[in-house]
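With mmCIF, C-alpha atoms inside, this is model17.cif:
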```cif
data_entry
#
loop_
_atom_site.group_PDB
_atom_site.id
_atom_site.type_symbol
_atom_site.label_atom_id
_atom_site.label_comp_id
_atom_site.auth_asym_id
_atom_site.auth_seq_id
_atom_site.Cartn_x
_atom_site.Cartn_y
_atom_site.Cartn_z
ATOM 1 C CA MET A 916 88.761 147.111 112.025
ATOM 2 C CA SER A 917 89.423 143.546 110.880
ATOM 3 C CA LYS A 918 87.684 140.562 112.398
ATOM 4 C CA GLY A 919 91.015 139.117 113.539
ATOM 5 C CA LYS A 920 91.989 142.218 115.501
ATOM 6 C CA PHE A 921 88.529 142.496 117.023
ATOM 7 C CA LEU A 922 88.497 138.821 118.036
ATOM 8 C CA SER A 923 92.008 139.091 119.464
ATOM 9 C CA GLY A 924 91.087 142.171 121.483
ATOM 10 C CA LEU A 925 87.885 140.563 122.706
ATOM 11 C CA LEU A 926 89.655 137.393 123.849
ATOM 12 C CA SER A 927 92.477 139.352 125.477
ATOM 13 C CA GLY A 928 90.049 141.591 127.331
ATOM 14 C CA ALA A 929 87.998 138.638 128.501
ATOM 15 C CA ALA A 930 91.123 136.839 129.742
ATOM 16 C CA VAL A 931 92.388 139.880 131.640
ATOM 17 C CA GLY A 932 88.949 140.511 133.133
ATOM 18 C CA ALA A 933 88.594 136.907 134.229
ATOM 19 C CA ALA A 934 92.075 136.891 135.769
ATOM 20 C CA ILE A 935 91.441 140.113 137.696
ATOM 21 C CA GLY A 936 88.088 138.799 138.883
ATOM 22 C CA LEU A 937 89.673 135.617 140.115
ATOM 23 C CA LEU A 938 92.479 137.474 141.894
ATOM 24 C CA PHE A 939 90.005 139.489 143.925
ATOM 25 C CA ALA A 940 87.760 136.530 144.720
ATOM 26 C CA PRO A 941 87.789 135.408 148.368
ATOM 27 C CA LYS A 942 89.346 131.958 147.803
ATOM 28 C CA LYS A 943 92.560 130.271 148.820
ATOM 29 C CA GLY A 944 95.609 131.074 146.713
ATOM 30 C CA VAL A 945 95.948 127.490 145.481
ATOM 31 C CA ASP A 946 92.351 127.439 144.293
ATOM 32 C CA THR A 947 92.702 130.828 142.633
ATOM 33 C CA ARG A 948 95.899 129.864 140.786
ATOM 34 C CA LYS A 949 94.303 126.612 139.625
ATOM 35 C CA LYS A 950 91.256 128.492 138.355
ATOM 36 C CA ILE A 951 93.457 131.054 136.538
ATOM 37 C CA THR A 952 95.390 128.237 134.857
ATOM 38 C CA GLU A 953 92.197 126.459 133.786
ATOM 39 C CA THR A 954 90.668 129.682 132.453
ATOM 40 C CA GLY A 955 93.839 130.542 130.553
ATOM 41 C CA ASP A 956 93.966 127.067 129.041
ATOM 42 C CA ASN A 957 90.335 127.375 127.946
ATOM 43 C CA TYR A 958 90.965 130.738 126.281
ATOM 44 C CA LEU A 959 94.084 129.381 124.581
ATOM 45 C CA GLN A 960 92.169 126.397 123.200
ATOM 46 C CA ASP A 961 89.390 128.691 121.934
ATOM 47 C CA ALA A 962 91.921 130.986 120.281
ATOM 48 C CA LYS A 963 93.665 128.028 118.612
ATOM 49 C CA SER A 964 90.337 126.715 117.367
ATOM 50 C CA LYS A 965 89.351 130.088 115.900
ATOM 51 C CA PHE A 966 92.776 130.494 114.308
ATOM 52 C CA ASN A 967 92.593 127.045 112.698
ATOM 53 C CA GLU A 968 89.088 127.775 111.411
ATOM 54 C CA MET A 969 90.242 131.096 109.970
ATOM 55 C CA THR A 970 93.279 129.545 108.245
ATOM 56 C CA ASP A 971 91.113 126.767 106.777
ATOM 57 C CA ASN A 972 88.678 129.327 105.374
ATOM 58 C CA LEU A 973 91.533 131.372 103.966
ATOM 59 C CA SER A 974 93.065 128.291 102.374
ATOM 60 C CA HIS A 975 89.780 127.402 100.667
ATOM 61 C CA LYS A 976 89.380 130.945 99.386
ATOM 62 C CA VAL A 977 92.903 130.912 97.922
ATOM 63 C CA GLU A 978 92.213 127.564 96.250
ATOM 64 C CA SER A 979 88.950 128.947 94.886
ATOM 65 C CA VAL A 980 90.651 132.002 93.390
ATOM 66 C CA THR A 981 93.388 129.798 91.918
ATOM 67 C CA ALA A 982 90.816 127.514 90.298
ATOM 68 C CA LYS A 983 88.852 130.492 88.938
ATOM 69 C CA THR A 984 92.021 131.930 87.457
ATOM 70 C CA LYS A 985 92.904 128.604 85.841
ATOM 71 C CA ALA A 986 89.354 128.356 84.473
ATOM 72 C CA ASN A 987 89.624 131.804 82.917
ATOM 73 C CA LEU A 988 93.012 131.040 81.386
ATOM 74 C CA SER A 989 92.146 127.538 80.185
ATOM 75 C CA ASP A 990 92.081 126.948 76.431
ATOM 76 C CA SER A 991 89.777 123.933 76.537
ATOM 77 C CA LYS A 992 86.153 123.866 77.643
ATOM 78 C CA ILE A 993 86.735 120.717 79.702
ATOM 79 C CA GLY A 994 89.586 122.329 81.637
ATOM 80 C CA GLN A 995 87.511 125.445 82.135
ATOM 81 C CA LYS A 996 84.487 123.512 83.452
ATOM 82 C CA TYR A 997 86.719 121.392 85.711
ATOM 83 C CA ASN A 998 88.341 124.438 87.309
ATOM 84 C CA GLU A 999 84.999 126.233 87.668
ATOM 85 C CA ALA A 1000 83.585 123.194 89.500
ATOM 86 C CA LYS A 1001 86.682 123.035 91.698
ATOM 87 C CA SER A 1002 86.300 126.729 92.481
ATOM 88 C CA ASP A 1003 82.645 126.286 93.425
ATOM 89 C CA LEU A 1004 83.564 123.404 95.721
ATOM 90 C CA HIS A 1005 86.137 125.516 97.573
ATOM 91 C CA ASP A 1006 83.692 128.428 97.804
ATOM 92 C CA LYS A 1007 81.224 126.153 99.581
ATOM 93 C CA LYS A 1008 83.880 124.832 101.988
ATOM 94 C CA SER A 1009 84.907 128.314 103.070
ATOM 95 C CA TYR A 1010 81.486 129.060 104.549
#
```
Could you express the structure from this file as structure tokens?
Amino acid sequence: MSKGKFLSGLLSGAAVGAAIGLLFAPKKGVDTRKKITETGDNYLQDAKSKFNEMTDNLSHKVESVTAKTKANLSDSKIGQKYNEAKSDLHDKKSY
């Protein structure tokens, strides 16, 4: 199972569980709806943050592979060293 599917399932399950818990809590309807909205907003912000982090990591990995490919195909030693250094830089950013 991929990390993305697992994270999505985990967040969805947590959101549903929190919503059900709030619905059965002995509070006024206004308070419960406000709490559900706040909880949903928090989960949405967390999901957006994780998605942005994942896309940034993916972008750095693609750039790293591109630089490695250019380094391997480069005819000059300077071009090869430049692209290897660029690849190493993107590898470090993706962690």
Q. Using only C-alpha atoms, which residues sit within 10 Å of range 969-983 of chain A once same-chain residues fewer than 3 positions away are excluded, as a count of residues only?
A. 25
Q: Have a look at A:Glu968, A:Asp946, A:Asp961, A:Asp990 and name the one nearest to Leu925 in chain A; count only C-alpha atoms.
A: A:Asp961
Q) Contacts of Ser927 in chain A at 9 Å or less, counting only C-alpha atoms, minus same-chain residues fewer than 5 places along, as a list in words? A) Leu922, Gly932 and Tyr958 of chain A
(Q) I'd like the interatomic distance between CA of Leu959 in chain A and CA of Thr947 in chain A, to a tenth of an Å. (A) 18.2 Å
Q. Can you tell me, as a ChimeraX atom specification, what residues are no more than 10 Å from Ala930 in chain A when counting only C-alpha atoms, ignoring any on the same chain fewer than 6 positions away?
A. /A:924,936,951,954-955,957-959
(Q) Please compute the CA of Ala934 in chain A-CA of Ser917 in chain A distance, one decimal, in Å. (A) 25.9 Å
(Q) Please report the interatomic distance between CA of Leu938 in chain A and CA of Lys950 in chain A in Å with one decimal. (A)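 Those two atoms sit 9.7 Å apart.
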